[in-house]
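Chemist: Got query13.tsv for you, TSV, C-alpha atoms and all ligand atoms:
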```
chain	number	residue	atom	x	y	z
A	1	MET	CA	3.20	0.05	-22.88
A	2	ARG	CA	1.71	2.12	-20.02
A	3	ILE	CA	-1.88	1.39	-19.04
A	4	PRO	CA	-3.68	4.74	-18.73
A	5	ILE	CA	-5.16	5.59	-15.36
A	6	ILE	CA	-8.05	7.94	-14.61
A	7	ALA	CA	-8.71	8.73	-10.95
A	8	GLY	CA	-11.65	10.67	-9.58
A	9	ASN	CA	-10.87	12.79	-6.54
A	10	TRP	CA	-14.20	13.54	-4.89
A	11	LYS	CA	-12.51	15.77	-2.28
A	12	MET	CA	-14.74	16.75	0.66
A	13	ASN	CA	-17.95	16.13	-1.26
A	14	THR	CA	-20.77	13.59	-0.88
A	15	THR	CA	-22.35	12.16	2.24
A	16	VAL	CA	-22.19	8.38	2.49
A	17	SER	CA	-25.57	7.99	0.79
A	18	GLU	CA	-24.68	10.51	-1.91
A	19	ALA	CA	-21.42	8.65	-2.52
A	20	ALA	CA	-23.38	5.41	-2.90
A	21	ASP	CA	-25.75	7.07	-5.38
A	22	LEU	CA	-22.85	8.52	-7.36
A	23	VAL	CA	-20.96	5.25	-7.68
A	24	ARG	CA	-24.16	3.38	-8.58
A	25	ALA	CA	-24.80	5.92	-11.35
A	26	MET	CA	-21.44	5.21	-13.01
A	27	GLN	CA	-20.40	1.75	-11.94
A	28	ALA	CA	-21.90	-0.40	-14.72
A	29	GLN	CA	-20.52	1.80	-17.50
A	30	LEU	CA	-17.13	2.15	-15.85
A	31	ALA	CA	-16.87	-1.57	-15.26
A	32	ALA	CA	-17.62	-2.32	-18.92
A	33	LEU	CA	-14.73	-0.21	-20.26
A	34	THR	CA	-11.35	-1.85	-20.83
A	35	GLY	CA	-7.80	-0.69	-21.46
A	36	VAL	CA	-7.82	1.98	-18.77
A	37	GLU	CA	-7.50	1.74	-15.02
A	38	ARG	CA	-10.33	3.54	-13.19
A	39	VAL	CA	-9.95	4.64	-9.59
A	40	LEU	CA	-12.54	6.32	-7.39
A	41	CYS	CA	-11.31	8.33	-4.40
A	42	PRO	CA	-14.28	9.17	-2.17
A	43	PRO	CA	-13.96	10.65	1.34
A	44	PHE	CA	-12.65	8.25	4.03
A	45	VAL	CA	-16.10	7.72	5.53
A	46	SER	CA	-17.44	6.41	2.23
A	47	LEU	CA	-14.59	4.04	1.35
A	48	THR	CA	-16.34	1.00	2.80
A	49	THR	CA	-19.68	1.71	1.15
A	50	VAL	CA	-18.20	2.54	-2.25
A	51	GLY	CA	-15.88	-0.47	-1.93
A	52	GLN	CA	-18.84	-2.78	-1.34
A	53	ILE	CA	-20.65	-1.45	-4.39
A	54	ILE	CA	-17.67	-1.87	-6.76
A	55	ARG	CA	-16.52	-5.17	-5.28
A	56	GLY	CA	-15.86	-7.78	-7.96
A	57	SER	CA	-15.65	-5.19	-10.74
A	58	ALA	CA	-12.48	-3.79	-12.26
A	59	VAL	CA	-13.16	-0.36	-10.76
A	60	LYS	CA	-10.60	0.44	-8.05
A	61	LEU	CA	-10.68	2.44	-4.88
A	62	GLY	CA	-8.31	5.08	-3.52
A	63	ALA	CA	-8.07	7.34	-0.48
A	64	GLN	CA	-7.35	11.06	-0.67
A	65	ASN	CA	-4.73	11.24	2.08
A	66	MET	CA	-3.32	9.36	5.05
A	67	HIS	CA	-0.98	9.77	8.03
A	68	TYR	CA	2.48	8.23	7.84
A	69	GLU	CA	2.35	6.46	11.21
A	70	GLU	CA	0.77	3.03	11.46
A	71	LYS	CA	-1.10	3.88	14.67
A	72	GLY	CA	-0.95	6.12	17.70
A	73	ALA	CA	-2.17	9.30	19.34
A	74	TYR	CA	-3.00	11.31	16.22
A	75	THR	CA	-6.61	12.28	16.78
A	76	GLY	CA	-8.63	12.45	13.61
A	77	GLU	CA	-6.02	10.82	11.39
A	78	VAL	CA	-6.21	7.67	9.27
A	79	SER	CA	-3.24	5.32	8.97
A	80	PRO	CA	-1.81	3.27	6.10
A	81	LEU	CA	-2.69	0.07	7.96
A	82	MET	CA	-6.33	1.15	8.20
A	83	LEU	CA	-6.44	1.90	4.48
A	84	GLY	CA	-4.61	-1.29	3.56
A	85	GLY	CA	-7.70	-3.43	3.94
A	86	LEU	CA	-9.95	-0.91	2.24
A	87	CYS	CA	-8.34	0.47	-0.88
A	88	GLU	CA	-5.52	0.05	-3.36
A	89	TYR	CA	-4.44	3.63	-4.11
A	90	VAL	CA	-3.81	6.73	-2.01
A	91	ILE	CA	-3.43	10.31	-3.24
A	92	LEU	CA	-0.50	12.00	-1.49
A	93	GLY	CA	0.70	15.59	-1.51
A	94	HIS	CA	-2.36	17.05	-3.22
A	95	SER	CA	-1.89	20.80	-3.54
A	96	GLU	CA	-4.90	21.39	-1.26
A	97	ARG	CA	-3.10	19.40	1.44
A	98	ARG	CA	0.06	21.42	0.85
A	99	GLN	CA	-1.83	24.74	0.77
A	100	TYR	CA	-4.39	24.34	3.57
A	101	PHE	CA	-2.71	21.80	5.84
A	102	GLY	CA	0.92	22.82	5.51
A	103	GLU	CA	2.17	19.59	3.95
A	104	THR	CA	5.80	19.85	2.94
A	105	ASP	CA	7.89	17.72	0.60
A	106	GLU	CA	9.38	16.08	3.69
A	107	LEU	CA	5.96	15.11	5.01
A	108	VAL	CA	4.85	13.86	1.61
A	109	ASN	CA	8.03	11.80	1.48
A	110	ARG	CA	7.24	10.15	4.82
A	111	LYS	CA	3.78	9.35	3.56
A	112	VAL	CA	5.10	7.88	0.30
A	113	LYS	CA	7.39	5.56	2.26
A	114	ALA	CA	4.60	4.57	4.64
A	115	ALA	CA	2.16	3.90	1.81
A	116	LEU	CA	4.61	1.67	-0.03
A	117	LYS	CA	5.42	-0.20	3.18
A	118	ALA	CA	1.71	-0.87	3.68
A	119	GLY	CA	1.30	-2.10	0.09
A	120	LEU	CA	-0.68	0.95	-0.99
A	121	LYS	CA	-0.09	2.52	-4.41
A	122	PRO	CA	0.71	6.21	-4.06
A	123	ILE	CA	-0.49	8.84	-6.52
A	124	VAL	CA	1.97	11.62	-5.73
A	125	CYS	CA	0.83	15.12	-6.73
A	126	VAL	CA	3.22	17.85	-7.82
A	127	GLY	CA	2.56	21.24	-9.35
A	128	GLU	CA	3.53	24.87	-9.37
A	129	ARG	CA	1.56	27.92	-8.21
A	130	LEU	CA	0.56	30.67	-10.63
A	131	ASP	CA	3.22	33.07	-9.36
A	132	GLU	CA	5.87	30.38	-9.72
A	133	ASN	CA	4.66	29.63	-13.23
A	134	GLU	CA	4.74	33.28	-14.20
A	135	ALA	CA	8.20	33.71	-12.70
A	136	GLY	CA	9.51	30.87	-14.89
A	137	LYS	CA	10.05	28.61	-11.88
A	138	THR	CA	7.93	25.64	-13.00
A	139	GLU	CA	10.91	23.41	-13.70
A	140	GLU	CA	12.61	24.23	-10.39
A	141	VAL	CA	9.42	23.54	-8.38
A	142	ILE	CA	8.59	20.31	-10.16
A	143	VAL	CA	12.09	18.88	-9.84
A	144	ARG	CA	12.17	19.83	-6.15
A	145	GLU	CA	8.79	18.23	-5.44
A	146	VAL	CA	9.54	15.04	-7.35
A	147	ARG	CA	12.97	14.62	-5.76
A	148	GLY	CA	11.65	15.63	-2.33
A	149	GLY	CA	8.67	13.29	-2.45
A	150	LEU	CA	10.81	10.35	-3.52
A	151	SER	CA	13.89	11.07	-1.42
A	152	GLY	CA	15.36	7.86	-0.02
A	153	VAL	CA	12.72	5.71	-1.71
A	154	GLU	CA	14.16	2.66	-3.48
A	155	ALA	CA	12.69	2.12	-6.96
A	156	PRO	CA	9.03	1.93	-5.86
A	157	THR	CA	7.02	-1.19	-6.56
A	158	SER	CA	4.17	1.04	-7.58
A	159	LEU	CA	4.05	4.75	-8.27
A	160	VAL	CA	1.83	7.18	-10.16
A	161	ILE	CA	2.69	10.87	-10.36
A	162	ALA	CA	0.01	13.48	-11.01
A	163	TYR	CA	1.15	16.78	-12.48
A	164	GLU	CA	-1.37	19.33	-11.25
A	165	PRO	CA	-0.50	22.98	-11.89
A	166	ILE	CA	-2.15	24.68	-8.92
A	167	TRP	CA	-3.47	27.52	-11.05
A	168	ALA	CA	-5.46	24.96	-13.05
A	169	ILE	CA	-7.14	23.15	-10.13
A	170	GLY	CA	-10.82	23.93	-9.77
A	171	THR	CA	-10.40	27.15	-11.75
A	172	GLY	CA	-11.75	26.07	-15.13
A	173	LYS	CA	-8.43	27.27	-16.55
A	174	ALA	CA	-6.70	24.07	-17.67
A	175	ALA	CA	-3.15	23.94	-18.99
A	176	THR	CA	-2.82	23.22	-22.70
A	177	GLY	CA	-1.99	19.68	-23.81
A	178	PRO	CA	1.50	20.63	-25.06
A	179	GLN	CA	2.24	22.60	-21.85
A	180	ALA	CA	1.27	19.66	-19.65
A	181	ASN	CA	3.12	17.23	-21.89
A	182	ALA	CA	6.34	19.26	-21.65
A	183	THR	CA	6.23	19.36	-17.84
A	184	ILE	CA	5.37	15.68	-17.64
A	185	SER	CA	8.32	14.93	-19.90
A	186	LEU	CA	10.46	16.81	-17.34
A	187	ILE	CA	8.97	14.67	-14.55
A	188	ARG	CA	9.90	11.54	-16.50
A	189	ARG	CA	13.47	12.78	-16.99
A	190	THR	CA	13.73	13.60	-13.28
A	191	VAL	CA	12.51	10.12	-12.34
A	192	ALA	CA	14.96	8.61	-14.87
A	193	GLN	CA	17.80	10.27	-12.96
A	194	LEU	CA	16.58	8.57	-9.78
A	195	TYR	CA	15.63	5.11	-11.00
A	196	GLY	CA	16.91	4.76	-14.57
A	197	ASP	CA	15.40	5.07	-18.03
A	198	GLY	CA	13.49	1.79	-17.94
A	199	PHE	CA	11.63	2.72	-14.77
A	200	ALA	CA	10.83	6.21	-16.07
A	201	GLU	CA	9.56	4.76	-19.36
A	202	GLY	CA	7.10	2.59	-17.46
A	203	LEU	CA	6.03	5.30	-14.99
A	204	ARG	CA	2.48	6.55	-15.37
A	205	VAL	CA	2.05	10.30	-15.07
A	206	GLN	CA	-1.36	11.92	-14.98
A	207	TYR	CA	-2.39	15.47	-15.73
A	208	GLY	CA	-4.83	17.15	-13.34
A	209	GLY	CA	-6.43	20.57	-13.32
A	210	SER	CA	-9.90	21.39	-14.67
A	211	VAL	CA	-10.10	18.20	-16.75
A	212	THR	CA	-13.54	17.73	-18.29
A	213	ALA	CA	-15.18	15.54	-20.91
A	214	ALA	CA	-14.68	18.45	-23.31
A	215	ASN	CA	-10.90	18.72	-22.93
A	216	ILE	CA	-9.67	15.24	-21.92
A	217	ALA	CA	-8.87	14.35	-25.55
A	218	GLU	CA	-6.37	17.21	-25.74
A	219	PHE	CA	-4.42	15.81	-22.80
A	220	ILE	CA	-4.70	12.13	-23.39
A	221	SER	CA	-3.52	12.43	-27.00
A	222	GLN	CA	-0.15	13.73	-25.75
A	223	PRO	CA	2.59	11.07	-25.68
A	224	HIS	CA	3.76	11.63	-22.09
A	225	ILE	CA	0.29	11.93	-20.48
A	226	ASP	CA	-1.00	8.60	-19.19
A	227	GLY	CA	-4.28	9.66	-17.67
A	228	ALA	CA	-5.87	12.26	-15.45
A	229	LEU	CA	-6.61	13.07	-11.85
A	230	VAL	CA	-10.08	14.55	-12.06
A	231	GLY	CA	-11.70	16.69	-9.36
A	232	GLY	CA	-14.94	18.52	-10.10
A	233	ALA	CA	-15.86	16.50	-13.19
A	234	SER	CA	-15.57	13.22	-11.26
A	235	LEU	CA	-18.68	14.20	-9.28
A	236	LYS	CA	-20.81	13.98	-12.43
A	237	ALA	CA	-21.35	10.34	-13.34
A	238	ALA	CA	-21.91	10.76	-17.08
A	239	GLU	CA	-19.00	13.17	-17.46
A	240	PHE	CA	-16.58	10.94	-15.57
A	241	VAL	CA	-17.64	7.92	-17.64
A	242	SER	CA	-17.08	9.96	-20.80
A	243	ILE	CA	-13.56	10.94	-19.62
A	244	VAL	CA	-12.70	7.28	-19.03
A	245	GLU	CA	-14.30	6.18	-22.29
A	246	GLN	CA	-12.45	8.78	-24.38
A	247	THR	CA	-9.18	7.85	-22.68
A	248	ALA	CA	-9.68	4.16	-23.48
A	249	ARG	CA	-10.52	4.95	-27.10
A	250	ILE	CA	-7.70	7.42	-27.75
A	251	LYS	CA	-5.00	5.39	-26.02
A	252	LYS	CA	-6.03	2.23	-27.89
A	253	GLY	CA	-5.28	4.32	-30.99
B	301	LIG	C1	-7.92	17.74	-8.26
B	301	LIG	O1	-8.56	17.88	-7.26
B	301	LIG	O2	-6.95	16.99	-8.24
B	301	LIG	C2	-8.31	18.48	-9.46
B	301	LIG	C3	-7.54	18.41	-10.51
B	301	LIG	O3	-9.47	19.21	-9.40
B	301	LIG	P1	-10.28	19.83	-10.65
B	301	LIG	O4	-10.38	18.73	-11.70
B	301	LIG	O5	-11.61	20.22	-10.11
B	301	LIG	O6	-9.49	20.99	-11.18
```
Could you take the file, read its structure, and then write that structure out as structure tokens?
Modeler:
Amino acid sequence: MRIPIIAGNWKMNTTVSEAADLVRAMQAQLAALTGVERVLCPPFVSLTTVGQIIRGSAVKLGAQNMHYEEKGAYTGEVSPLMLGGLCEYVILGHSERRQYFGETDELVNRKVKAALKAGLKPIVCVGERLDENEAGKTEEVIVREVRGGLSGVEAPTSLVIAYEPIWAIGTGKAATGPQANATISLIRRTVAQLYGDGFAEGLRVQYGGSVTAANIAEFISQPHIDGALVGGASLKAAEFVSIVEQTARIKKG
């Protein structure tokens, strides 16, 4: 039985006071829902403030990125040790990091190892570009990213994978439920080859890419999809609460 997980990736949005307002607008309703893990991923500078507001509730906190070194001369970076005291989850290998900041599978892999060492729970993002999708390369890309991200990692104590087709992120053009389910089934098979069937059965895999309150049901009703990584819609309190609420209801069956 996999507990569904919905994470809100606020990206580079909200000042500290806007982040506080946003979490206050959703916190009571989020905290009251059961049967689904809820994770908020605000910008680094708002982790402390958001963390203070949700403290004591079941709502969890995640970061959007981190460096793989514990400390050192890396101006502007944030380390796993710094995040360790602040949050539970960390998004790694988001396609915007790969696209705009040149993150490779090798770098993502270093970060996965560092996160696990620091006791953080990685949400590892994989997904194909539109041209790769149209060229029939989805499977090749996904297998490469999953294997690359997890290379040399012993069966992780905690791992979430987010399947985010790049053409669906922030475009309003989501994948269909069956499409996402098929690729997520491939991710599960790939992970089974690395860590065995039992591990893969228990692994939570999210779908991400233009998820809204209007389409979450289509994804979450698929057998292999265990939740969502939500960008734009996570900045609207009522919509994010609705996504979590529908997930809890549908997965409870
Ligand atoms: C994301 O940032 O991970 C994402 C899926 O964004 P959006 O929901 O806006 O497409």
Chemist: Using all atoms of ligand LIG 301 (chain B) listed in the file and a margin of 5 Å per side, can you give the axis-aligned box centre and edge lengths in Å to one decimal, as JSON?
Modeler:
```
{"center_x": -9.3, "center_y": 19.0, "center_z": -9.5, "size_x": 14.7, "size_y": 14.0, "size_z": 14.4}
```
Chemist: Residues within 6 Å of ligand LIG 301 (chain B), counting all atoms listed in the file: report them as JSON, numbers by chain.
Modeler: {"A": [9, 168, 169, 170, 208, 209, 210, 211, 229, 230, 231, 232]}
Chemist: Using all atoms listed in the file, which of the listed residues (A:Glu239, A:Glu139, A:Glu245, A:Glu145) sits closest to A:Asn109?
Modeler: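 Looking at the shortest contact to A:Asn109, the residue is A:Glu145.
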Chemist: What does the distance from atom CA of A:Ala114 to atom CA of A:Val146 come to in Å, to one decimal?
Modeler: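 Between these atoms lies a distance of 16.7 Å.
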Chemist: How many Å lie between atom CA of A:Gln222 and atom CA of A:Gln246, rounded to one decimal?
Modeler: 13.3 Å
Chemist: Which value, in Å to one decimal, gives the distance between atom CA of A:Leu235 and atom CA of A:Ala213?
Modeler: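 Atom CA of A:Leu235 sits 12.2 Å away from atom CA of A:Ala213.
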Chemist: Please write as a ChimeraX atom specification the list of polymer residues whose atoms come within 12 Å of (-10.5, 9.9, 7.6), counting all atoms listed in the file and keeping to the coordinates of the file.
Modeler: /A:11-12,42-48,63-67,74-80,82-83
Chemist: Find, counting only C-alpha atoms, the residue in A:Arg110, A:Arg144, A:Lys173, A:Arg55 that gets nearest to A:Asn215.
Modeler: A:Lys173
Chemist: Counting only C-alpha atoms, note down every residue that has an atom within 12 Å of the point (5.4, 20.4, -23.8) (file coordinates), as a list in words.
Modeler: Glu139, Ala175, Thr176, Gly177, Pro178, Gln179, Ala180, Asn181, Ala182, Thr183, Ile184, Ser185, Leu186, Ile187, Phe219, Gln222, Pro223, His224 and Ile225 of chain A
Chemist: Could you write out that same residue set with C-alpha atoms as a PDB file, in the frame of the given file?
Modeler:
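Below is the file part_38.pdb, written as the result:
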```
ATOM      1  CA  GLU A 139      10.910  23.410 -13.700  1.00  0.00           C
ATOM      2  CA  ALA A 175      -3.150  23.940 -18.990  1.00  0.00           C
ATOM      3  CA  THR A 176      -2.820  23.220 -22.700  1.00  0.00           C
ATOM      4  CA  GLY A 177      -1.990  19.680 -23.810  1.00  0.00           C
ATOM      5  CA  PRO A 178       1.500  20.630 -25.060  1.00  0.00           C
ATOM      6  CA  GLN A 179       2.240  22.600 -21.850  1.00  0.00           C
ATOM      7  CA  ALA A 180       1.270  19.660 -19.650  1.00  0.00           C
ATOM      8  CA  ASN A 181       3.120  17.230 -21.890  1.00  0.00           C
ATOM      9  CA  ALA A 182       6.340  19.260 -21.650  1.00  0.00           C
ATOM     10  CA  THR A 183       6.230  19.360 -17.840  1.00  0.00           C
ATOM     11  CA  ILE A 184       5.370  15.680 -17.640  1.00  0.00           C
ATOM     12  CA  SER A 185       8.320  14.930 -19.900  1.00  0.00           C
ATOM     13  CA  LEU A 186      10.460  16.810 -17.340  1.00  0.00           C
ATOM     14  CA  ILE A 187       8.970  14.670 -14.550  1.00  0.00           C
ATOM     15  CA  PHE A 219      -4.420  15.810 -22.800  1.00  0.00           C
ATOM     16  CA  GLN A 222      -0.150  13.730 -25.750  1.00  0.00           C
ATOM     17  CA  PRO A 223       2.590  11.070 -25.680  1.00  0.00           C
ATOM     18  CA  HIS A 224       3.760  11.630 -22.090  1.00  0.00           C
ATOM     19  CA  ILE A 225       0.290  11.930 -20.480  1.00  0.00           C
TER      20      ILE A 225
END
```
Chemist: Excluding same-chain residues fewer than 6 positions from stretch 15-28 of chain A, what lies within 8 Å of it counting only C-alpha atoms, as a ChimeraX atom specification?
Modeler: /A:42,45-46,49-50,53-54,59,235-238,240-241
Chemist: Restrict the selected residues to C-alpha atoms and save them as a PDB file, keeping the file's coordinate frame.
Modeler:
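Output contents, as saved in again.pdb:
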```
ATOM      1  CA  PRO A  42     -14.280   9.170  -2.170  1.00  0.00           C
ATOM      2  CA  VAL A  45     -16.100   7.720   5.530  1.00  0.00           C
ATOM      3  CA  SER A  46     -17.440   6.410   2.230  1.00  0.00           C
ATOM      4  CA  THR A  49     -19.680   1.710   1.150  1.00  0.00           C
ATOM      5  CA  VAL A  50     -18.200   2.540  -2.250  1.00  0.00           C
ATOM      6  CA  ILE A  53     -20.650  -1.450  -4.390  1.00  0.00           C
ATOM      7  CA  ILE A  54     -17.670  -1.870  -6.760  1.00  0.00           C
ATOM      8  CA  VAL A  59     -13.160  -0.360 -10.760  1.00  0.00           C
ATOM      9  CA  LEU A 235     -18.680  14.200  -9.280  1.00  0.00           C
ATOM     10  CA  LYS A 236     -20.810  13.980 -12.430  1.00  0.00           C
ATOM     11  CA  ALA A 237     -21.350  10.340 -13.340  1.00  0.00           C
ATOM     12  CA  ALA A 238     -21.910  10.760 -17.080  1.00  0.00           C
ATOM     13  CA  PHE A 240     -16.580  10.940 -15.570  1.00  0.00           C
ATOM     14  CA  VAL A 241     -17.640   7.920 -17.640  1.00  0.00           C
TER      15      VAL A 241
END
```
Chemist: Pick out the closest residue to A:Thr14 from this set: A:Cys41, A:Ala135, A:Tyr163, A:Leu116. Count only C-alpha atoms.
Modeler: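 The closest residue to A:Thr14 is A:Cys41.
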Chemist: Restricting the calculation to all atoms listed in the file, which member of A:Leu30, A:Gly127, A:Phe199, A:Cys87 is positioned closest to A:Asp105?
Modeler: A:Gly127
Chemist: Looking at A:Ala32, A:Ala73, A:Leu150, A:Ala155, which one is nearest to A:Gly198, with distances taken over only C-alpha atoms?
Modeler: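 Of A:Ala32, A:Ala73, A:Leu150, A:Ala155, the one nearest A:Gly198, counting only C-alpha atoms, is A:Ala155.
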Chemist: Pick from A:Gly148, A:Gly196, A:Pro165, A:Gly84: nearest to A:Val108, with only C-alpha atoms counted?
Modeler: A:Gly148
Chemist: Neighbouring residues of A:Val141 were defined as those with any atom within 10 Å, considering only C-alpha atoms; residues of the same chain fewer than 6 positions away were excluded. Please report them as a list in words.
Modeler: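 Returned residues: Val126, Gly127, Glu128, Arg129, Glu132, Asn133 and Arg147 of chain A.
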Chemist: Tell me, as a ChimeraX atom specification, which residues lie within 7 Å of A:Gly93, counting only C-alpha atoms; anything in the same chain fewer than 4 positions away does not count.
Modeler: /A:97-98,103,108,124-125
Chemist: Regenerate stretch 2-17 of chain A at the level of N, CA and C atoms and dump it as a short mmCIF file (atom, residue, chain, number, x, y, z; two decimals), keeping the file's coordinate frame.
Modeler:
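Listing of rebuild.cif after writing:
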```cif
data_model
loop_
_atom_site.label_atom_id
_atom_site.label_comp_id
_atom_site.auth_asym_id
_atom_site.auth_seq_id
_atom_site.Cartn_x
_atom_site.Cartn_y
_atom_site.Cartn_z
N ARG A 2 2.23 1.68 -21.32
CA ARG A 2 1.71 2.12 -20.02
C ARG A 2 0.19 2.10 -20.06
N ILE A 3 -0.42 1.43 -19.09
CA ILE A 3 -1.88 1.39 -19.04
C ILE A 3 -2.38 2.72 -18.49
N PRO A 4 -3.22 3.45 -19.24
CA PRO A 4 -3.68 4.74 -18.73
C PRO A 4 -4.49 4.59 -17.44
N ILE A 5 -4.46 5.64 -16.65
CA ILE A 5 -5.16 5.59 -15.36
C ILE A 5 -5.91 6.91 -15.14
N ILE A 6 -7.21 6.78 -14.92
CA ILE A 6 -8.05 7.94 -14.61
C ILE A 6 -8.51 7.78 -13.16
N ALA A 7 -8.26 8.78 -12.35
CA ALA A 7 -8.71 8.73 -10.95
C ALA A 7 -9.64 9.90 -10.68
N GLY A 8 -10.70 9.62 -9.96
CA GLY A 8 -11.65 10.67 -9.58
C GLY A 8 -11.44 11.05 -8.13
N ASN A 9 -11.08 12.30 -7.90
CA ASN A 9 -10.87 12.79 -6.54
C ASN A 9 -12.13 13.55 -6.12
N TRP A 10 -12.91 12.92 -5.28
CA TRP A 10 -14.20 13.54 -4.89
C TRP A 10 -14.01 14.63 -3.84
N LYS A 11 -12.81 14.76 -3.31
CA LYS A 11 -12.51 15.77 -2.28
C LYS A 11 -13.51 15.67 -1.13
N MET A 12 -13.83 16.80 -0.49
CA MET A 12 -14.74 16.75 0.66
C MET A 12 -16.18 16.98 0.18
N ASN A 13 -16.59 16.08 -0.71
CA ASN A 13 -17.95 16.13 -1.26
C ASN A 13 -18.60 14.77 -1.10
N THR A 14 -19.89 14.75 -1.01
CA THR A 14 -20.77 13.59 -0.88
C THR A 14 -20.86 13.06 0.56
N THR A 15 -22.10 12.93 1.03
CA THR A 15 -22.35 12.16 2.24
C THR A 15 -22.23 10.69 1.86
N VAL A 16 -22.32 9.80 2.82
CA VAL A 16 -22.19 8.38 2.49
C VAL A 16 -23.28 7.97 1.50
N SER A 17 -24.50 8.42 1.71
CA SER A 17 -25.57 7.99 0.79
C SER A 17 -25.42 8.66 -0.57
#
```
